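Student: File name entry_15.pdb; file contents PDB, C-alpha atoms; full text below.
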MODEL        1
ATOM      1  CA  MET A  24      56.348  18.027 -56.964
ATOM      2  CA  ILE A  25      59.419  19.624 -58.515
ATOM      3  CA  PRO A  26      62.195  17.128 -59.227
ATOM      4  CA  ALA A  27      65.791  17.750 -58.251
ATOM      5  CA  ASP A  28      68.127  18.846 -61.048
ATOM      6  CA  ASN A  29      69.487  15.333 -61.455
ATOM      7  CA  GLN A  30      66.048  13.707 -61.848
ATOM      8  CA  CYS A  31      64.362  13.319 -65.217
ATOM      9  CA  PRO A  32      60.697  14.406 -65.005
ATOM     10  CA  ILE A  33      59.753  11.927 -67.754
ATOM     11  CA  LYS A  34      61.257   9.058 -65.739
ATOM     12  CA  LEU A  35      59.370  10.205 -62.647
ATOM     13  CA  TRP A  36      56.101  10.457 -64.577
ATOM     14  CA  ALA A  37      56.552   7.124 -66.379
ATOM     15  CA  GLY A  38      57.528   5.339 -63.180
ATOM     16  CA  ASP A  39      54.390   6.404 -61.311
ATOM     17  CA  GLU A  40      52.744   3.152 -60.210
ATOM     18  CA  SER A  41      49.242   4.559 -60.833
ATOM     19  CA  ARG A  42      49.970   4.392 -64.577
ATOM     20  CA  LEU A  43      51.070   0.757 -64.780
ATOM     21  CA  ASP A  44      47.756  -0.694 -66.041
ATOM     22  CA  THR A  45      47.134   1.784 -68.873
ATOM     23  CA  LEU A  46      48.680   2.843 -72.166
ATOM     24  CA  ASN A  47      50.228   6.252 -71.541
ATOM     25  CA  VAL A  48      51.039   8.604 -74.398
ATOM     26  CA  MET A  49      53.241  11.616 -73.731
ATOM     27  CA  LEU A  50      53.288  14.285 -76.436
ATOM     28  CA  LEU A  51      56.612  16.123 -76.574
ATOM     29  CA  ASP A  52      58.105  18.877 -78.633
ATOM     30  CA  ASN A  53      61.576  18.383 -80.075
ATOM     31  CA  ALA A  54      63.516  20.115 -77.313
ATOM     32  CA  LYS A  55      66.943  18.571 -76.736
ATOM     33  CA  SER A  56      66.004  17.893 -73.110
ATOM     34  CA  HIS A  57      63.256  15.558 -74.352
ATOM     35  CA  LYS A  58      65.709  13.343 -76.239
ATOM     36  CA  ALA A  59      67.672  11.639 -73.463
ATOM     37  CA  GLN A  60      69.785   8.847 -74.925
ATOM     38  CA  ASP A  61      69.629   6.653 -71.826
ATOM     39  CA  LEU A  62      65.911   6.954 -71.148
ATOM     40  CA  ARG A  63      64.308   3.566 -70.475
ATOM     41  CA  LEU A  64      60.524   3.596 -70.426
ATOM     42  CA  PRO A  65      58.039   0.888 -69.491
ATOM     43  CA  GLU A  66      56.321  -0.825 -72.419
ATOM     44  CA  ASN A  67      53.067   0.961 -71.631
ATOM     45  CA  VAL A  68      54.585   4.436 -72.173
ATOM     46  CA  VAL A  69      54.799   5.835 -75.695
ATOM     47  CA  LEU A  70      56.541   9.099 -76.551
ATOM     48  CA  VAL A  71      55.096  10.982 -79.542
ATOM     49  CA  PHE A  72      57.254  13.797 -80.892
ATOM     50  CA  GLN A  73      55.809  16.789 -82.704
ATOM     51  CA  PRO A  74      57.351  18.060 -85.908
ATOM     52  CA  PRO A  75      60.088  20.675 -85.289
ATOM     53  CA  TYR A  76      58.993  24.309 -84.996
ATOM     54  CA  SER A  77      55.274  23.567 -84.939
ATOM     55  CA  PRO A  78      53.631  25.296 -81.979
ATOM     56  CA  GLU A  79      50.293  25.111 -83.810
ATOM     57  CA  VAL A  80      50.134  21.361 -83.070
ATOM     58  CA  ASN A  81      51.285  21.687 -79.467
ATOM     59  CA  SER A  82      48.196  21.236 -77.326
ATOM     60  CA  CYS A  83      49.661  23.108 -74.359
ATOM     61  CA  GLU A  84      50.037  26.178 -76.583
ATOM     62  CA  ARG A  85      46.242  26.362 -76.692
ATOM     63  CA  VAL A  86      46.139  26.332 -72.883
ATOM     64  CA  TRP A  87      48.727  29.145 -72.779
ATOM     65  CA  GLN A  88      46.728  31.130 -75.340
ATOM     66  CA  ALA A  89      43.545  30.777 -73.268
ATOM     67  CA  PHE A  90      45.468  31.824 -70.150
ATOM     68  CA  LYS A  91      47.029  34.840 -71.858
ATOM     69  CA  THR A  92      43.609  35.872 -73.184
ATOM     70  CA  ASP A  93      42.158  35.699 -69.654
ATOM     71  CA  VAL A  94      44.992  37.790 -68.194
ATOM     72  CA  ALA A  95      45.422  40.309 -71.027
ATOM     73  CA  TRP A  96      44.412  43.928 -70.574
ATOM     74  CA  HIS A  97      44.183  43.738 -66.801
ATOM     75  CA  CYS A  98      46.218  46.119 -64.697
ATOM     76  CA  PHE A  99      47.646  45.126 -61.334
ATOM     77  CA  ALA A 100      48.894  47.232 -58.456
ATOM     78  CA  ASP A 101      51.758  44.869 -57.738
ATOM     79  CA  ARG A 102      53.100  41.365 -58.356
ATOM     80  CA  GLU A 103      51.027  39.912 -55.536
ATOM     81  CA  ALA A 104      47.818  41.181 -57.164
ATOM     82  CA  LEU A 105      48.947  39.659 -60.476
ATOM     83  CA  ARG A 106      49.776  36.356 -58.777
ATOM     84  CA  THR A 107      46.407  36.249 -57.012
ATOM     85  CA  PHE A 108      44.588  36.928 -60.275
ATOM     86  CA  MET A 109      46.600  34.280 -62.151
ATOM     87  CA  VAL A 110      45.846  31.657 -59.496
ATOM     88  CA  ALA A 111      42.129  32.478 -59.747
ATOM     89  CA  VAL A 112      42.243  32.141 -63.545
ATOM     90  CA  VAL A 113      43.949  28.744 -63.394
ATOM     91  CA  ALA A 114      41.536  27.565 -60.689
ATOM     92  CA  ARG A 115      38.666  28.027 -63.169
ATOM     93  CA  TYR A 116      40.258  25.586 -65.636
ATOM     94  CA  ASP A 117      38.388  22.379 -64.978
ATOM     95  CA  GLU A 118      38.982  18.997 -66.582
ATOM     96  CA  ALA A 119      36.350  19.564 -69.284
ATOM     97  CA  MET A 120      37.885  22.877 -70.364
ATOM     98  CA  LEU A 121      41.399  21.447 -70.477
ATOM     99  CA  HIS A 122      40.112  18.448 -72.430
ATOM    100  CA  ASP A 123      38.481  20.766 -74.981
ATOM    101  CA  LEU A 124      41.670  22.798 -75.341
ATOM    102  CA  THR A 125      44.064  19.872 -75.644
ATOM    103  CA  SER A 126      42.159  17.095 -77.412
ATOM    104  CA  TYR A 127      42.948  17.713 -81.048
ATOM    105  CA  PRO A 128      41.162  15.146 -83.247
ATOM    106  CA  TYR A 129      44.473  14.017 -84.798
ATOM    107  CA  LEU A 130      45.910  13.348 -81.330
ATOM    108  CA  MET A 131      42.890  11.330 -80.278
ATOM    109  CA  ASP A 132      43.063   9.329 -83.530
ATOM    110  CA  ALA A 133      46.763   8.614 -82.940
ATOM    111  CA  ILE A 134      46.177   7.594 -79.328
ATOM    112  CA  ASN A 135      43.322   5.305 -80.350
ATOM    113  CA  ALA A 136      45.502   3.762 -83.069
ATOM    114  CA  LEU A 137      48.227   3.049 -80.496
ATOM    115  CA  SER A 138      45.676   1.377 -78.224
ATOM    116  CA  LEU A 139      44.844  -1.379 -80.713
TER
ENDMDL
END
Write the structure described by the file as structure tokens, please.
Tutor:
Amino acid sequence: MIPADNQCPIKLWAGDESRLDTLNVMLLDNAKSHKAQDLRLPENVVLVFQPPYSPEVNSCERVWQAFKTDVAWHCFADREALRTFMVAVVARYDEAMLHDLTSYPYLMDAINALSL
């Protein structure tokens, strides 16, 4: 689902009823768009901001690096061939692989500390 321009994706994510019975931690970089002044979140949603200019602690950067490694050095006849290949690469990323790429020990420690 892609939200309309006037909808805040964080509000949509936080308001999802399937998340009401759990503690939900959202890791964000320090982009201005992630610092809405009027954002009201449920008590079970915690925003954790990374230090500025620190892509090395951004878990999604590891996913991008894995993706770029999988796609690098391939040649494609056209954009459709590239798109087809990219979809096949992403389709191979199962939950276990994404967990391995994104579960930094310091993040898991912080999440566990918040759960107390």
Student: Near Val86 of chain A, within 8 Å and counting only C-alpha atoms, which residues show up once chain neighbours fewer than 4 positions away are dropped, as a PyMOL selection string?
Tutor: chain A and resi 82+90+121+124-125
Student: Quick one, how far is atom CA of Glu84 of chain A from atom CA of Asn53 of chain A?
Tutor: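 If I compute the distance from atom CA of Glu84 of chain A to atom CA of Asn53 of chain A, I get 14.4 Å.
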Student: What is the distance between atom CA of Trp96 of chain A and atom CA of Asp117 of chain A, in Å to one decimal?
Tutor: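 Between atom CA of Trp96 of chain A and atom CA of Asp117 of chain A the gap works out to 23.1 Å.
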Student: Can you work out which one of A:Leu46, A:Met120, A:Ala114, A:Asp132 has the shortest atom-to-atom distance to Arg85 of chain A, counting all atoms listed in the file?
Tutor: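 Among the listed residues, A:Met120 lies closest to Arg85 of chain A.
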Student: Taking only C-alpha atoms into account, name the residue in A:Ala89, A:Asn135, A:Ala95, A:Val69 that is nearest to Leu50 of chain A.
Tutor: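 The shortest atom-to-atom distance to Leu50 of chain A comes from A:Val69.
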Student: Could you state the separation of atom CA of Leu51 of chain A and atom CA of Leu70 of chain A in Å, given to one decimal place?
Tutor: 7.0 Å
Student: From the list A:His122, A:Phe99, A:Pro128, A:Arg115, which residue is nearest Cys83 of chain A when using all atoms listed in the file?
Tutor: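 Answer, going by the shortest atom-to-atom distance: A:His122.
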Student: Which residue out of A:Ala100, A:Ala133, A:Met109, A:Leu62 has the minimum interatomic distance to Trp87 of chain A when only C-alpha atoms are used?
Tutor: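 Using only C-alpha atoms, Trp87 of chain A sits closest to A:Met109.
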Student: Please write the residues picked by the PyMOL selection byres ((chain A and resi 71) around 12) on this file as a list in words.
Tutor: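 On the file shown, the PyMOL selection byres ((chain A and resi 71) around 12) covers Asn47, Val48, Met49, Leu50, Leu51, Asp52, Asn53, His57, Lys58, Val68, Val69, Leu70, Phe72, Gln73, Pro74, Asn81, Leu130, Ala133, Ile134 and Leu137 of chain A.
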